[in-house]
file data_24.pdb (PDB, C-alpha atoms)
MODEL        1
ATOM      1  CA  MET W   1       3.373   0.459 -24.576
ATOM      2  CA  LYS W   2       6.928   1.791 -24.696
ATOM      3  CA  PHE W   3       9.527  -0.807 -23.759
ATOM      4  CA  THR W   4      13.246  -1.508 -23.611
ATOM      5  CA  LYS W   5      14.758  -4.910 -24.389
ATOM      6  CA  MET W   6      17.711  -5.657 -22.082
ATOM      7  CA  HIS W   7      19.758  -8.649 -21.017
ATOM      8  CA  GLY W   8      22.197  -9.679 -18.324
ATOM      9  CA  ILE W   9      24.579 -12.156 -20.001
ATOM     10  CA  GLY W  10      21.781 -13.466 -22.190
ATOM     11  CA  ASN W  11      19.024 -13.585 -19.562
ATOM     12  CA  ASP W  12      16.700 -11.218 -21.437
ATOM     13  CA  TYR W  13      13.615  -9.327 -20.319
ATOM     14  CA  VAL W  14      11.288  -6.644 -21.610
ATOM     15  CA  TYR W  15      11.496  -3.570 -19.349
ATOM     16  CA  VAL W  16       8.778  -0.957 -18.951
ATOM     17  CA  ASP W  17       8.977   2.325 -17.055
ATOM     18  CA  ALA W  18       5.920   1.860 -14.848
ATOM     19  CA  THR W  19       6.718   5.089 -12.996
ATOM     20  CA  LYS W  20       5.254   6.829 -16.072
ATOM     21  CA  GLU W  21       3.160   4.108 -17.706
ATOM     22  CA  PRO W  22       1.402   1.622 -15.374
ATOM     23  CA  VAL W  23       0.780  -1.756 -16.989
ATOM     24  CA  LYS W  24      -2.622  -3.406 -16.591
ATOM     25  CA  ASN W  25      -2.941  -7.216 -16.654
ATOM     26  CA  ALA W  26       0.833  -7.544 -16.359
ATOM     27  CA  SER W  27       0.698 -11.346 -16.228
ATOM     28  CA  GLU W  28      -1.044 -11.515 -19.616
ATOM     29  CA  VAL W  29       1.287  -8.881 -21.034
ATOM     30  CA  ALA W  30       4.284 -10.936 -19.886
ATOM     31  CA  ILE W  31       3.059 -13.997 -21.765
ATOM     32  CA  PHE W  32       2.459 -11.944 -24.911
ATOM     33  CA  VAL W  33       5.727 -10.005 -25.030
ATOM     34  CA  SER W  34       7.831 -13.046 -24.084
ATOM     35  CA  ASP W  35       6.726 -15.050 -27.133
ATOM     36  CA  ARG W  36       9.737 -15.218 -29.447
ATOM     37  CA  HIS W  37       7.594 -15.667 -32.568
ATOM     38  CA  PHE W  38       4.559 -13.423 -32.061
ATOM     39  CA  GLY W  39       5.806 -11.017 -29.380
ATOM     40  CA  ILE W  40       9.086  -9.278 -28.626
ATOM     41  CA  GLY W  41      10.856 -12.361 -27.316
ATOM     42  CA  SER W  42      12.191 -12.625 -23.755
ATOM     43  CA  ASP W  43      12.438 -14.643 -20.561
ATOM     44  CA  GLY W  44       9.747 -12.420 -19.077
ATOM     45  CA  LEU W  45       8.595  -8.898 -18.238
ATOM     46  CA  ILE W  46      10.075  -6.523 -15.663
ATOM     47  CA  LEU W  47       8.289  -3.362 -14.564
ATOM     48  CA  VAL W  48      10.301  -0.502 -13.074
ATOM     49  CA  CYS W  49       7.922   0.925 -10.471
ATOM     50  CA  PRO W  50       7.939   3.664  -7.827
ATOM     51  CA  SER W  51       8.695   2.571  -4.271
ATOM     52  CA  ASP W  52       8.057   4.015  -0.838
ATOM     53  CA  LYS W  53      10.826   1.830   0.633
ATOM     54  CA  ALA W  54      13.679   2.238  -1.857
ATOM     55  CA  ASP W  55      14.710   4.256  -4.901
ATOM     56  CA  PHE W  56      12.672   1.999  -7.214
ATOM     57  CA  ARG W  57      10.743  -1.270  -7.145
ATOM     58  CA  MET W  58      11.221  -4.182  -9.546
ATOM     59  CA  GLU W  59       8.116  -6.197 -10.449
ATOM     60  CA  MET W  60       9.089  -9.344 -12.314
ATOM     61  CA  TYR W  61       6.984 -11.766 -14.363
ATOM     62  CA  ASN W  62       8.189 -15.031 -15.895
ATOM     63  CA  ALA W  63       7.481 -15.998 -19.497
ATOM     64  CA  ASP W  64       4.474 -18.065 -18.364
ATOM     65  CA  GLY W  65       2.961 -15.042 -16.614
ATOM     66  CA  SER W  66       3.786 -16.177 -13.092
ATOM     67  CA  LEU W  67       5.034 -13.545 -10.666
ATOM     68  CA  GLY W  68       8.682 -13.968  -9.687
ATOM     69  CA  ALA W  69      10.285 -12.743  -6.482
ATOM     70  CA  MET W  70      13.785 -11.939  -7.657
ATOM     71  CA  CYS W  71      16.085 -12.082 -10.678
ATOM     72  CA  GLY W  72      19.772 -11.277 -10.290
ATOM     73  CA  ASN W  73      20.356 -10.498 -13.952
ATOM     74  CA  GLY W  74      17.102  -8.573 -14.055
ATOM     75  CA  VAL W  75      17.896  -6.360 -11.086
ATOM     76  CA  ARG W  76      21.254  -5.390 -12.625
ATOM     77  CA  CYS W  77      19.410  -4.310 -15.765
ATOM     78  CA  VAL W  78      16.985  -2.297 -13.636
ATOM     79  CA  GLY W  79      19.985  -0.418 -12.268
ATOM     80  CA  LYS W  80      21.223   0.352 -15.776
ATOM     81  CA  PHE W  81      17.687   1.260 -16.876
ATOM     82  CA  VAL W  82      17.053   3.844 -14.184
ATOM     83  CA  HIS W  83      20.468   5.435 -14.631
ATOM     84  CA  ASP W  84      20.758   5.420 -18.426
ATOM     85  CA  HIS W  85      17.129   6.502 -18.933
ATOM     86  CA  GLY W  86      17.591   9.481 -16.619
ATOM     87  CA  LEU W  87      15.323   8.334 -13.790
ATOM     88  CA  THR W  88      18.246   8.934 -11.408
ATOM     89  CA  ASP W  89      21.763  10.305 -11.571
ATOM     90  CA  LYS W  90      22.950   8.163  -8.663
ATOM     91  CA  THR W  91      25.379   5.279  -9.190
ATOM     92  CA  THR W  92      24.363   3.578  -5.945
ATOM     93  CA  VAL W  93      20.672   2.707  -5.744
ATOM     94  CA  ASP W  94      18.368   0.560  -3.635
ATOM     95  CA  ILE W  95      15.869  -1.582  -5.534
ATOM     96  CA  GLU W  96      12.844  -3.078  -3.801
ATOM     97  CA  THR W  97      12.162  -6.672  -4.943
ATOM     98  CA  GLY W  98       9.887  -9.506  -3.904
ATOM     99  CA  SER W  99      12.734 -10.839  -1.779
ATOM    100  CA  GLY W 100      13.784  -7.610  -0.113
ATOM    101  CA  ILE W 101      15.755  -4.486  -0.967
ATOM    102  CA  LYS W 102      18.926  -4.965  -3.021
ATOM    103  CA  LYS W 103      21.728  -2.397  -3.066
ATOM    104  CA  LEU W 104      23.371  -1.847  -6.455
ATOM    105  CA  VAL W 105      26.734  -0.162  -7.002
ATOM    106  CA  MET W 106      27.175   0.719 -10.663
ATOM    107  CA  GLN W 107      30.305   1.382 -12.720
ATOM    108  CA  THR W 108      29.892   3.771 -15.656
ATOM    109  CA  GLU W 109      31.775   4.528 -18.832
ATOM    110  CA  ASN W 110      30.969   7.552 -21.015
ATOM    111  CA  GLY W 111      27.874   8.161 -18.914
ATOM    112  CA  LYS W 112      26.460   4.655 -19.344
ATOM    113  CA  VAL W 113      26.382   1.822 -16.816
ATOM    114  CA  THR W 114      28.634  -1.111 -17.724
ATOM    115  CA  THR W 115      28.879  -3.398 -14.690
ATOM    116  CA  ILE W 116      26.941  -3.627 -11.434
ATOM    117  CA  ARG W 117      27.788  -5.159  -8.060
ATOM    118  CA  VAL W 118      24.678  -6.257  -6.187
ATOM    119  CA  ASN W 119      24.260  -7.133  -2.536
ATOM    120  CA  MET W 120      21.999 -10.147  -3.013
ATOM    121  CA  GLY W 121      21.327 -10.680   0.679
ATOM    122  CA  THR W 122      21.989 -13.609   2.969
ATOM    123  CA  PRO W 123      21.281 -17.073   1.534
ATOM    124  CA  ILE W 124      18.375 -19.021   3.016
ATOM    125  CA  LEU W 125      19.501 -22.522   3.951
ATOM    126  CA  LYS W 126      16.663 -23.870   6.103
ATOM    127  CA  ALA W 127      14.744 -26.487   4.110
ATOM    128  CA  ALA W 128      11.300 -25.345   5.237
ATOM    129  CA  ASP W 129      12.030 -21.753   4.229
ATOM    130  CA  ILE W 130      13.363 -22.547   0.743
ATOM    131  CA  PRO W 131      10.973 -24.509   0.562
ATOM    132  CA  VAL W 132      11.962 -28.129  -0.019
ATOM    133  CA  ILE W 133      10.449 -31.168   1.671
ATOM    134  CA  SER W 134      13.150 -32.873   3.736
ATOM    135  CA  GLU W 135      13.621 -34.600   7.063
ATOM    136  CA  ASN W 136      16.786 -32.545   7.547
ATOM    137  CA  GLU W 137      17.028 -28.907   8.587
ATOM    138  CA  ARG W 138      19.366 -28.254   5.653
ATOM    139  CA  VAL W 139      19.541 -30.010   2.316
ATOM    140  CA  LEU W 140      23.221 -30.687   1.604
ATOM    141  CA  GLU W 141      24.163 -33.466  -0.827
ATOM    142  CA  GLU W 142      20.790 -35.098  -0.157
ATOM    143  CA  PRO W 143      19.622 -37.958  -2.399
ATOM    144  CA  ILE W 144      16.698 -37.317  -4.742
ATOM    145  CA  THR W 145      15.303 -39.455  -7.535
ATOM    146  CA  VAL W 146      13.998 -37.555 -10.552
ATOM    147  CA  ASP W 147      12.371 -39.377 -13.465
ATOM    148  CA  GLY W 148      13.872 -42.622 -12.180
ATOM    149  CA  VAL W 149      17.450 -41.291 -11.973
ATOM    150  CA  PRO W 150      19.238 -40.771  -8.612
ATOM    151  CA  TYR W 151      20.973 -37.444  -7.915
ATOM    152  CA  LYS W 152      22.421 -35.605  -4.925
ATOM    153  CA  MET W 153      21.078 -32.112  -4.395
ATOM    154  CA  THR W 154      21.924 -29.074  -2.309
ATOM    155  CA  ALA W 155      19.105 -26.569  -1.820
ATOM    156  CA  VAL W 156      19.537 -22.814  -1.350
ATOM    157  CA  SER W 157      17.170 -19.871  -1.647
ATOM    158  CA  MET W 158      18.331 -16.443  -2.785
ATOM    159  CA  GLY W 159      14.801 -15.076  -2.544
ATOM    160  CA  ASN W 160      13.667 -17.823  -4.896
ATOM    161  CA  PRO W 161      14.343 -21.555  -4.507
ATOM    162  CA  HIS W 162      17.257 -23.371  -6.122
ATOM    163  CA  CYS W 163      18.263 -27.012  -6.344
ATOM    164  CA  ILE W 164      21.961 -27.418  -7.184
ATOM    165  CA  ILE W 165      23.167 -30.624  -8.824
ATOM    166  CA  PHE W 166      26.928 -31.145  -9.213
ATOM    167  CA  ILE W 167      27.797 -33.233 -12.275
ATOM    168  CA  ASP W 168      31.080 -34.738 -13.457
ATOM    169  CA  LYS W 169      30.756 -33.602 -17.067
ATOM    170  CA  ASN W 170      30.546 -30.387 -19.055
ATOM    171  CA  PRO W 171      26.976 -29.077 -18.614
ATOM    172  CA  LYS W 172      26.834 -28.391 -22.362
ATOM    173  CA  VAL W 173      26.395 -32.136 -22.976
ATOM    174  CA  PHE W 174      23.952 -32.660 -20.083
ATOM    175  CA  PRO W 175      20.264 -33.140 -21.126
ATOM    176  CA  VAL W 176      18.935 -30.079 -19.277
ATOM    177  CA  GLU W 177      15.913 -29.676 -21.562
ATOM    178  CA  ALA W 178      14.798 -33.245 -20.856
ATOM    179  CA  VAL W 179      15.538 -33.329 -17.136
ATOM    180  CA  GLY W 180      14.669 -29.764 -16.100
ATOM    181  CA  PRO W 181      10.871 -30.056 -16.237
ATOM    182  CA  PHE W 182      10.920 -33.114 -13.965
ATOM    183  CA  PHE W 183      12.941 -31.232 -11.345
ATOM    184  CA  GLU W 184      10.756 -28.125 -11.602
ATOM    185  CA  LYS W 185       7.564 -30.033 -10.807
ATOM    186  CA  HIS W 186       8.993 -32.656  -8.417
ATOM    187  CA  GLU W 187       6.799 -33.348  -5.389
ATOM    188  CA  ARG W 188       9.559 -32.286  -2.976
ATOM    189  CA  PHE W 189       9.375 -28.677  -4.194
ATOM    190  CA  PRO W 190       6.021 -27.166  -3.122
ATOM    191  CA  ASP W 191       6.625 -23.886  -5.006
ATOM    192  CA  ARG W 192       8.410 -25.535  -7.949
ATOM    193  CA  ILE W 193      12.174 -25.115  -8.274
ATOM    194  CA  ASN W 194      14.987 -23.589 -10.302
ATOM    195  CA  THR W 195      17.636 -26.221 -10.990
ATOM    196  CA  GLU W 196      21.335 -25.626 -11.648
ATOM    197  CA  PHE W 197      23.579 -28.267 -13.199
ATOM    198  CA  ILE W 198      27.143 -27.496 -12.150
ATOM    199  CA  HIS W 199      30.576 -28.735 -13.200
ATOM    200  CA  VAL W 200      33.501 -27.640 -11.004
ATOM    201  CA  ILE W 201      36.473 -26.473 -13.089
ATOM    202  CA  ASP W 202      38.599 -25.492 -10.087
ATOM    203  CA  GLU W 203      37.963 -24.095  -6.607
ATOM    204  CA  HIS W 204      37.316 -20.617  -8.010
ATOM    205  CA  ARG W 205      35.429 -21.452 -11.220
ATOM    206  CA  ILE W 206      32.350 -23.436 -12.261
ATOM    207  CA  ALA W 207      30.379 -24.045 -15.445
ATOM    208  CA  MET W 208      26.590 -23.875 -15.129
ATOM    209  CA  ARG W 209      23.356 -24.480 -16.993
ATOM    210  CA  VAL W 210      20.005 -23.649 -15.483
ATOM    211  CA  TRP W 211      16.370 -24.636 -15.807
ATOM    212  CA  GLU W 212      14.197 -21.827 -14.421
ATOM    213  CA  ARG W 213      10.688 -22.427 -13.147
ATOM    214  CA  GLY W 214       8.202 -20.701 -15.390
ATOM    215  CA  SER W 215      10.703 -19.935 -18.153
ATOM    216  CA  GLY W 216      12.540 -23.167 -19.014
ATOM    217  CA  GLU W 217      16.235 -23.105 -19.816
ATOM    218  CA  THR W 218      17.712 -19.612 -19.892
ATOM    219  CA  LEU W 219      21.172 -18.426 -20.885
ATOM    220  CA  ALA W 220      21.850 -17.170 -17.368
ATOM    221  CA  CYS W 221      20.397 -16.895 -13.865
ATOM    222  CA  GLY W 222      21.924 -14.513 -11.346
ATOM    223  CA  THR W 223      20.274 -15.912  -8.224
ATOM    224  CA  GLY W 224      21.129 -19.398  -9.497
ATOM    225  CA  ALA W 225      24.784 -18.446  -9.877
ATOM    226  CA  CYS W 226      24.751 -17.119  -6.298
ATOM    227  CA  ALA W 227      23.021 -20.230  -4.966
ATOM    228  CA  SER W 228      25.466 -22.502  -6.824
ATOM    229  CA  ALA W 229      28.512 -20.699  -5.440
ATOM    230  CA  VAL W 230      27.052 -20.931  -1.921
ATOM    231  CA  ALA W 231      26.328 -24.649  -2.403
ATOM    232  CA  GLY W 232      29.865 -25.257  -3.634
ATOM    233  CA  ILE W 233      31.397 -23.412  -0.687
ATOM    234  CA  LEU W 234      29.152 -25.212   1.818
ATOM    235  CA  THR W 235      30.100 -28.619   0.389
ATOM    236  CA  GLY W 236      33.830 -27.846   0.315
ATOM    237  CA  ARG W 237      34.177 -27.707  -3.470
ATOM    238  CA  LEU W 238      34.673 -23.962  -3.880
ATOM    239  CA  VAL W 239      36.395 -20.965  -2.318
ATOM    240  CA  SER W 240      35.203 -17.360  -2.712
ATOM    241  CA  PRO W 241      35.364 -15.520  -5.077
ATOM    242  CA  VAL W 242      33.775 -17.840  -7.641
ATOM    243  CA  THR W 243      33.514 -17.123 -11.358
ATOM    244  CA  VAL W 244      30.390 -18.724 -12.801
ATOM    245  CA  ASP W 245      30.486 -19.453 -16.532
ATOM    246  CA  LEU W 246      26.965 -19.584 -17.979
ATOM    247  CA  LEU W 247      25.827 -20.010 -21.560
ATOM    248  CA  GLY W 248      25.426 -16.244 -21.921
ATOM    249  CA  GLY W 249      28.574 -15.081 -20.119
ATOM    250  CA  SER W 250      30.207 -14.984 -16.692
ATOM    251  CA  LEU W 251      29.399 -13.604 -13.236
ATOM    252  CA  VAL W 252      31.648 -13.189 -10.194
ATOM    253  CA  ILE W 253      30.139 -14.282  -6.880
ATOM    254  CA  GLU W 254      31.577 -13.469  -3.444
ATOM    255  CA  TRP W 255      30.455 -14.982  -0.143
ATOM    256  CA  ALA W 256      32.327 -14.733   3.166
ATOM    257  CA  GLY W 257      30.304 -17.545   4.762
ATOM    258  CA  GLU W 258      27.539 -18.162   7.284
ATOM    259  CA  GLY W 259      25.436 -15.105   8.109
ATOM    260  CA  GLU W 260      27.071 -12.944   5.437
ATOM    261  CA  PRO W 261      25.491 -11.513   2.275
ATOM    262  CA  VAL W 262      26.295 -12.739  -1.216
ATOM    263  CA  TYR W 263      27.671 -10.235  -3.725
ATOM    264  CA  MET W 264      27.204 -10.633  -7.469
ATOM    265  CA  THR W 265      29.090  -8.621 -10.094
ATOM    266  CA  GLY W 266      28.253  -8.664 -13.786
ATOM    267  CA  PRO W 267      27.262  -6.635 -16.843
ATOM    268  CA  ALA W 268      23.916  -5.298 -18.066
ATOM    269  CA  THR W 269      23.171  -4.553 -21.709
ATOM    270  CA  GLU W 270      20.474  -2.596 -23.504
ATOM    271  CA  VAL W 271      19.513  -4.159 -26.850
ATOM    272  CA  PHE W 272      16.861  -1.823 -28.251
ATOM    273  CA  ARG W 273      13.852   0.372 -27.454
ATOM    274  CA  GLY W 274      10.459   0.320 -29.089
ATOM    275  CA  GLU W 275       6.668   0.451 -28.804
ATOM    276  CA  ILE W 276       4.162  -2.370 -29.028
ATOM    277  CA  ASP W 277       0.357  -2.534 -29.020
ATOM    278  CA  ILE W 278      -1.033  -4.597 -26.145
TER     279      ILE W 278
ENDMDL
END

call {"tool": "encode", "arguments": {"input": "data_24.pdb", "output": "structure tokens"}}
result
Amino acid sequence: MKFTKMHGIGNDYVYVDATKEPVKNASEVAIFVSDRHFGIGSDGLILVCPSDKADFRMEMYNADGSLGAMCGNGVRCVGKFVHDHGLTDKTTVDIETGSGIKKLVMQTENGKVTTIRVNMGTPILKAADIPVISENERVLEEPITVDGVPYKMTAVSMGNPHCIIFIDKNPKVFPVEAVGPFFEKHERFPDRINTEFIHVIDEHRIAMRVWERGSGETLACGTGACASAVAGILTGRLVSPVTVDLLGGSLVIEWAGEGEPVYMTGPATEVFRGEIDI
């Protein structure tokens, strides 16, 4: 199987051109290639597939083999993949994902894509649609107890569910690895949850760490950055545009408010290409 290793600010995936080489048993392949000791090493597998609705379709698998709906960093890399690998010469492309079609506008330098602005769609705020179990229609600053510790959460879906926790310390010293699994499998999240731990630096900047369902802690999460910016704006902490500093780098998130789409701008990087027996 020919593959390309790519990352969006450290959120790394193995990419395969499934327009030429369909992948059988993709869930099992995802588990194998994601292993950082015996495989290639990644947060998951992304297949670049043909689409009858858009220019291309992104099929995303987490490191545990579970099928994901959307990945903001991943979809930016898909844009770079299709352009830099000659699948298209367009710099504006529509990518079909499990959470709808995303429009990408790509900036190039010396014929290669450097940064991509993505229309991530309108945030989902209704609790039942995220989904999160709540007596309220929206989950804003709602109490939750996780592993015996009380928190206040705001829930947002950007095609996949996110629980945003604002903390009063630098996320680098927060025990994400210990706490994340308890959030992911908490009874209030029927489909499991991605959890962001956010420290507000000022009204236009936040620091973030993330625990992703199915993958554990990752260096970055594009949909999580979008969800966190939306949560901060909804709770009066932030004003658009918001720069989100993650362990792997920074993203810029724009949101004009209720009923409007979220825009994410950030880089995409190719690491290497290769072949692997599967």

call {"tool": "closest_residue", "arguments": {"input": "data_24.pdb", "among": "W:Ala207, W:Ala155, W:Ile144, W:Arg76", "to": "Ile167 (chain W)", "atoms": "all atoms listed in the file"}}
result
W:Ala207

call {"tool": "closest_atom_pairs", "arguments": {"input": "data_24.pdb", "of": "region 163-214 of chain W", "to": "region 56-66 of chain W", "cutoff": "10 Å", "atoms": "only C-alpha atoms", "output": "JSON lines"}}
result
{"residue": "W:Glu212", "atom": "CA", "partner": "W:Asn62", "partner_atom": "CA", "distance": 9.2}
{"residue": "W:Arg213", "atom": "CA", "partner": "W:Asn62", "partner_atom": "CA", "distance": 8.3}
{"residue": "W:Gly214", "atom": "CA", "partner": "W:Asp64", "partner_atom": "CA", "distance": 5.4}

call {"tool": "write_last_selection", "arguments": {"input": "data_24.pdb", "atoms": "C-alpha atoms", "output": "mmCIF file, in the coordinates of the input"}}
result
data_model
loop_
_atom_site.group_PDB
_atom_site.id
_atom_site.type_symbol
_atom_site.label_atom_id
_atom_site.label_comp_id
_atom_site.auth_asym_id
_atom_site.auth_seq_id
_atom_site.Cartn_x
_atom_site.Cartn_y
_atom_site.Cartn_z
ATOM 1 C CA GLU W 212 14.197 -21.827 -14.421
ATOM 2 C CA ARG W 213 10.688 -22.427 -13.147
ATOM 3 C CA GLY W 214 8.202 -20.701 -15.390
#

call {"tool": "resolve_selection", "arguments": {"input": "data_24.pdb", "expression": "the PyMOL selection byres ((chain W and resi 101) around 10)", "output": "ChimeraX atom specification"}}
result
/W:53-58,93-100,102-104,119-121

call {"tool": "write_last_selection", "arguments": {"input": "data_24.pdb", "atoms": "C-alpha atoms", "output": "compact mmCIF listing (two decimals), in the coordinates of the input"}}
result
# COMPACT_ATOMS: atom_id res chain seq x y z
CA LYS W 53 10.83 1.83 0.63
CA ALA W 54 13.68 2.24 -1.86
CA ASP W 55 14.71 4.26 -4.90
CA PHE W 56 12.67 2.00 -7.21
CA ARG W 57 10.74 -1.27 -7.14
CA MET W 58 11.22 -4.18 -9.55
CA VAL W 93 20.67 2.71 -5.74
CA ASP W 94 18.37 0.56 -3.64
CA ILE W 95 15.87 -1.58 -5.53
CA GLU W 96 12.84 -3.08 -3.80
CA THR W 97 12.16 -6.67 -4.94
CA GLY W 98 9.89 -9.51 -3.90
CA SER W 99 12.73 -10.84 -1.78
CA GLY W 100 13.78 -7.61 -0.11
CA LYS W 102 18.93 -4.96 -3.02
CA LYS W 103 21.73 -2.40 -3.07
CA LEU W 104 23.37 -1.85 -6.46
CA ASN W 119 24.26 -7.13 -2.54
CA MET W 120 22.00 -10.15 -3.01
CA GLY W 121 21.33 -10.68 0.68

call {"tool": "residues_near_point", "arguments": {"input": "data_24.pdb", "point": "(12.6, -13.1, -23.8)", "cutoff": "12 Å", "atoms": "all atoms listed in the file", "output": "number ranges by chain"}}
result
W: 4-8, 10-15, 30-46, 61-64, 74, 215-220, 271

call {"tool": "resolve_selection", "arguments": {"input": "data_24.pdb", "expression": "the PyMOL selection byres ((chain W and resi 194) around 10)", "output": "PyMOL selection string"}}
result
chain W and resi 155+157+160-164+180-181+183-185+189+191-193+195-196+210-217+221+223-224

call {"tool": "write_last_selection", "arguments": {"input": "data_24.pdb", "atoms": "C-alpha atoms", "output": "compact mmCIF listing (two decimals), keeping the file's coordinate frame"}}
result
# COMPACT_ATOMS: atom_id res chain seq x y z
CA ALA W 155 19.10 -26.57 -1.82
CA SER W 157 17.17 -19.87 -1.65
CA ASN W 160 13.67 -17.82 -4.90
CA PRO W 161 14.34 -21.56 -4.51
CA HIS W 162 17.26 -23.37 -6.12
CA CYS W 163 18.26 -27.01 -6.34
CA ILE W 164 21.96 -27.42 -7.18
CA GLY W 180 14.67 -29.76 -16.10
CA PRO W 181 10.87 -30.06 -16.24
CA PHE W 183 12.94 -31.23 -11.34
CA GLU W 184 10.76 -28.12 -11.60
CA LYS W 185 7.56 -30.03 -10.81
CA PHE W 189 9.38 -28.68 -4.19
CA ASP W 191 6.62 -23.89 -5.01
CA ARG W 192 8.41 -25.54 -7.95
CA ILE W 193 12.17 -25.12 -8.27
CA THR W 195 17.64 -26.22 -10.99
CA GLU W 196 21.34 -25.63 -11.65
CA VAL W 210 20.00 -23.65 -15.48
CA TRP W 211 16.37 -24.64 -15.81
CA GLU W 212 14.20 -21.83 -14.42
CA ARG W 213 10.69 -22.43 -13.15
CA GLY W 214 8.20 -20.70 -15.39
CA SER W 215 10.70 -19.93 -18.15
CA GLY W 216 12.54 -23.17 -19.01
CA GLU W 217 16.24 -23.10 -19.82
CA CYS W 221 20.40 -16.90 -13.86
CA THR W 223 20.27 -15.91 -8.22
CA GLY W 224 21.13 -19.40 -9.50

call {"tool": "residues_around", "arguments": {"input": "data_24.pdb", "residues": "Val262 (chain W)", "least_positions_apart": "3", "cutoff": "10 Å", "atoms": "all atoms listed in the file", "output": "MDAnalysis selection string"}}
result
chainID W and resid 118:123 158 223 226:227 229:230 253:257 259

call {"tool": "write_last_selection", "arguments": {"input": "data_24.pdb", "atoms": "C-alpha atoms", "output": "CSV table (one decimal), keeping the file's coordinate frame"}}
result
chain,number,residue,atom,x,y,z
W,118,VAL,CA,24.7,-6.3,-6.2
W,119,ASN,CA,24.3,-7.1,-2.5
W,120,MET,CA,22.0,-10.1,-3.0
W,121,GLY,CA,21.3,-10.7,0.7
W,122,THR,CA,22.0,-13.6,3.0
W,123,PRO,CA,21.3,-17.1,1.5
W,158,MET,CA,18.3,-16.4,-2.8
W,223,THR,CA,20.3,-15.9,-8.2
W,226,CYS,CA,24.8,-17.1,-6.3
W,227,ALA,CA,23.0,-20.2,-5.0
W,229,ALA,CA,28.5,-20.7,-5.4
W,230,VAL,CA,27.1,-20.9,-1.9
W,253,ILE,CA,30.1,-14.3,-6.9
W,254,GLU,CA,31.6,-13.5,-3.4
W,255,TRP,CA,30.5,-15.0,-0.1
W,256,ALA,CA,32.3,-14.7,3.2
W,257,GLY,CA,30.3,-17.5,4.8
W,259,GLY,CA,25.4,-15.1,8.1

call {"tool": "closest_residue", "arguments": {"input": "data_24.pdb", "among": "W:Leu234, W:Val179, W:Ile116, W:Val48", "to": "Val139 (chain W)", "atoms": "only C-alpha atoms"}}
result
W:Leu234

call {"tool": "closest_residue", "arguments": {"input": "data_24.pdb", "among": "W:Met208, W:Phe272, W:Ile130, W:Lys80", "to": "Asp168 (chain W)", "atoms": "all atoms listed in the file"}}
result
W:Met208
